[in-house]
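Down below is the structure, laid out as structure tokens.
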Amino acid sequence: MSTLKTIKSNEVAHPMENLLRMDRIPHIWCPGCGIGTAVTAFASALDKSKVDLDKVCVVSGIGCTGRVAGYVKLDSFHTTHGRAIAFATGITLGNPDLKVVVFSGDGDLISIGGNHFIHAARRNVNMLVICVNNFIYAMTGGQVAPTTPLATYATTSPFGCVEPPFNIPYIADSSGAVYVARWTALHVRRLTNSITEALNKPGFSVIEVISPCAMYYSRINKLGDGLDMMKFYHDNSKIKHGEDTKNLDIGFQTPITVGKFVDRERPTYTESYKKWLSDIKKEKTK
Ligand SMILES: Cc1ncc(C[n+]2csc(CCOP(=O)(O)OP(=O)(O)O)c2C)c(N)n1
């Protein structure tokens, strides 16, 4: 049975009421922000994938995206800045039956949390990471992030960012992630399908969601509002499934390559660990 609420003609209800903590609504996100769209895609994917909601656990760090854990009506943890993956690793190792989903921003995951990210990918720890990349530290007022494109203005780069940005799918791929995709907040159905697919994939999966930040990124760089950013995604996104992740750099207002880039099999950390233990036991009983 669908977990999404069916709206009867005389009833005013949010169709995702069953998956959201309605007592926390209205949320803190600004008009034009894409985080809510990513949450909607996630909720739809949970519904489509038929996962047992009692077995789903959402973990977030700190930031605008970090607030997701507080809005979903699931077991969830709002953890410290940069440490979502560390908490998620503990949860998945402690209870391998859970489907652990990390929902966090690019700063949280790739800046302060970058080390956890690469090592969880290397170990192939069982979790799905959804990274909302708005190219900036939004919650703290628009500082430069490790994803801010070259020459982009931010409150801490008033003359334009001089540091080359990370390419998140490339880091995920080269560190060992088994599933890597990127979509924008405009690609709601494709994003939903990717999340659905990744929810059923064992191992470390990463989905990047390029999202407008109308309040900081767009305002500081004079790019208009959230709708203008959606129009930009519409006109400038190119779907290239299987594209080499080396080619996925994003510059300031350059075309954005989206799609599913990696889908491979590797033993998960839990599987390798169990096998290792049983091999040691066999060795000892010889
Ligand atoms: C240890 C620590 N350092 C710094 C901060 C301040 N801080 C809060 S959120 C954040 C960055 C958020 O950026 P991002 O993860 O990209 O999320 P967004 O708000 O853009 O969704 C920072 C630096 C903090 N809360 N804790």
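By convention here, the chains of the structure tokens are called A, B, ... in the order presented, each chain's residues are numbered starting at 1, and ligands are numbered starting at 1 in the order presented.
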
Show me which residues sit within 6 Å of ligand 1 when counting only C-alpha atoms and all ligand atoms, and put them as a PyMOL selection string. chain A and resi 62-65+81+105-108+134+136-140

Written selection (C-alpha atoms) as a PDB file, in the first residue's frame:
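Result file part.pdb:
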ATOM      1  CA  ILE A  62      24.657  20.980  10.308  1.00  0.00           C
ATOM      2  CA  GLY A  63      23.519  23.455   7.662  1.00  0.00           C
ATOM      3  CA  CYS A  64      20.329  24.263   5.756  1.00  0.00           C
ATOM      4  CA  THR A  65      20.350  20.748   4.279  1.00  0.00           C
ATOM      5  CA  HIS A  81      28.845  19.602  11.659  1.00  0.00           C
ATOM      6  CA  GLY A 105      25.111  19.940   2.310  1.00  0.00           C
ATOM      7  CA  ASP A 106      28.288  20.176   0.240  1.00  0.00           C
ATOM      8  CA  GLY A 107      30.144  22.062   2.976  1.00  0.00           C
ATOM      9  CA  ASP A 108      29.116  19.628   5.675  1.00  0.00           C
ATOM     10  CA  ASN A 134      24.244  24.789  -3.570  1.00  0.00           C
ATOM     11  CA  ILE A 136      28.044  27.809  -0.872  1.00  0.00           C
ATOM     12  CA  TYR A 137      27.733  27.720   2.938  1.00  0.00           C
ATOM     13  CA  ALA A 138      24.150  28.908   3.045  1.00  0.00           C
ATOM     14  CA  MET A 139      23.169  28.573   6.680  1.00  0.00           C
ATOM     15  CA  THR A 140      26.055  30.698   7.922  1.00  0.00           C
TER      16      THR A 140
END

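For segment 150-154 of chain A, the non-local neighbours within 7 Å, defined as residues at least 5 positions apart in the same chain or in other chains and counting only C-alpha atoms, are Gly142, Gln143, Val144, Phe159, Gly160, Cys161, Val162, Glu163, Pro164, Pro165, Ile220, Asn221, Gly251 and Phe252 of chain A.
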
So that I can check the secondary structure, give me every residue of segment 177-237 of chain A assigned strand (DSSP E) by backbone DSSP, as a PyMOL selection string. chain A and resi 179-184+204-210+237

Would you mind exporting the chosen residues as a CSV table (one decimal), in the first residue's frame, restricted to N, CA and C atoms?
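To be explicit, this is the file written out as out.csv:
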chain,number,residue,atom,x,y,z
A,179,TYR,N,27.7,3.5,-6.4
A,179,TYR,CA,26.6,4.1,-7.1
A,179,TYR,C,26.9,5.7,-7.1
A,180,VAL,N,27.0,6.3,-8.2
A,180,VAL,CA,27.2,7.8,-8.2
A,180,VAL,C,26.3,8.4,-9.3
A,181,ALA,N,25.5,9.4,-8.9
A,181,ALA,CA,24.6,10.1,-9.8
A,181,ALA,C,24.6,11.6,-9.5
A,182,ARG,N,24.2,12.4,-10.4
A,182,ARG,CA,24.0,13.8,-10.2
A,182,ARG,C,22.8,14.3,-10.9
A,183,TRP,N,22.0,15.0,-10.2
A,183,TRP,CA,20.8,15.6,-10.9
A,183,TRP,C,20.7,17.1,-10.4
A,184,THR,N,19.9,17.9,-10.9
A,184,THR,CA,19.6,19.2,-10.4
A,184,THR,C,18.2,19.2,-9.7
A,204,PHE,N,28.1,1.9,-0.6
A,204,PHE,CA,28.2,3.4,-0.5
A,204,PHE,C,27.7,4.1,-1.8
A,205,SER,N,26.6,4.7,-1.7
A,205,SER,CA,26.0,5.3,-2.9
A,205,SER,C,26.0,6.8,-2.6
A,206,VAL,N,26.2,7.6,-3.7
A,206,VAL,CA,26.2,9.1,-3.6
A,206,VAL,C,25.4,9.7,-4.7
A,207,ILE,N,24.4,10.5,-4.3
A,207,ILE,CA,23.6,11.2,-5.3
A,207,ILE,C,23.8,12.7,-4.9
A,208,GLU,N,24.3,13.5,-5.9
A,208,GLU,CA,24.5,14.9,-5.8
A,208,GLU,C,23.3,15.6,-6.4
A,209,VAL,N,22.8,16.6,-5.6
A,209,VAL,CA,21.6,17.3,-6.1
A,209,VAL,C,22.0,18.8,-6.2
A,210,ILE,N,22.2,19.3,-7.4
A,210,ILE,CA,22.6,20.7,-7.6
A,210,ILE,C,21.3,21.5,-7.3
A,237,SER,N,21.6,21.9,-18.6
A,237,SER,CA,22.0,20.6,-18.1
A,237,SER,C,22.0,19.6,-19.3

Which residues, written as a list in words, have at least one atom at most 10 Å from Pro267 of chain A, with only C-alpha atoms counted and residues fewer than 2 positions away on the same chain left out? Arg123, Asn124, Val125, Asn126, Val178, Pro202, Gly203, Glu265, Tyr269, Thr270, Glu271, Ser272 and Tyr273 of chain A

With distances taken over only C-alpha atoms, the candidate from A:Ser194, A:Thr245, A:Thr268, A:Asn133 nearest Tyr217 of chain A is A:Asn133

If DSSP is run on the backbone, what residues of segment 49-262 of chain A are alpha helix (DSSP H)? A reply as a VMD selection string would be ideal. chain A and resid 49 68 to 71 84 to 94 106 114 to 123 168 to 175 188 to 199 219 to 220 226 to 236

Return the single residue from A:Val68, A:Ala88, A:Leu227, A:Ile25 that is closest to Pro212 of chain A, with distances computed using only C-alpha atoms.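 Of the candidates, the smallest distance to Pro212 of chain A is held by A:Leu227.
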
If we count only C-alpha atoms, what is near Ser174 of chain A at a cut-off of 9 Å, once residues fewer than 5 positions away on the same chain are taken out, given as a list in words? Ile118, Ala121, Arg122, Pro169 and Thr245 of chain A

Asp23 of chain A environment, 12 Å, only C-alpha atoms, sequence neighbours closer than 5 positions dropped, as a PyMOL selection string: chain A and resi 17-18+70-73

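Proximity to Val58 of chain A was assessed for A:Thr156, A:Val100, A:Gly34, A:Gly141 counting only C-alpha atoms; the smallest distance is recorded for A:Val100.
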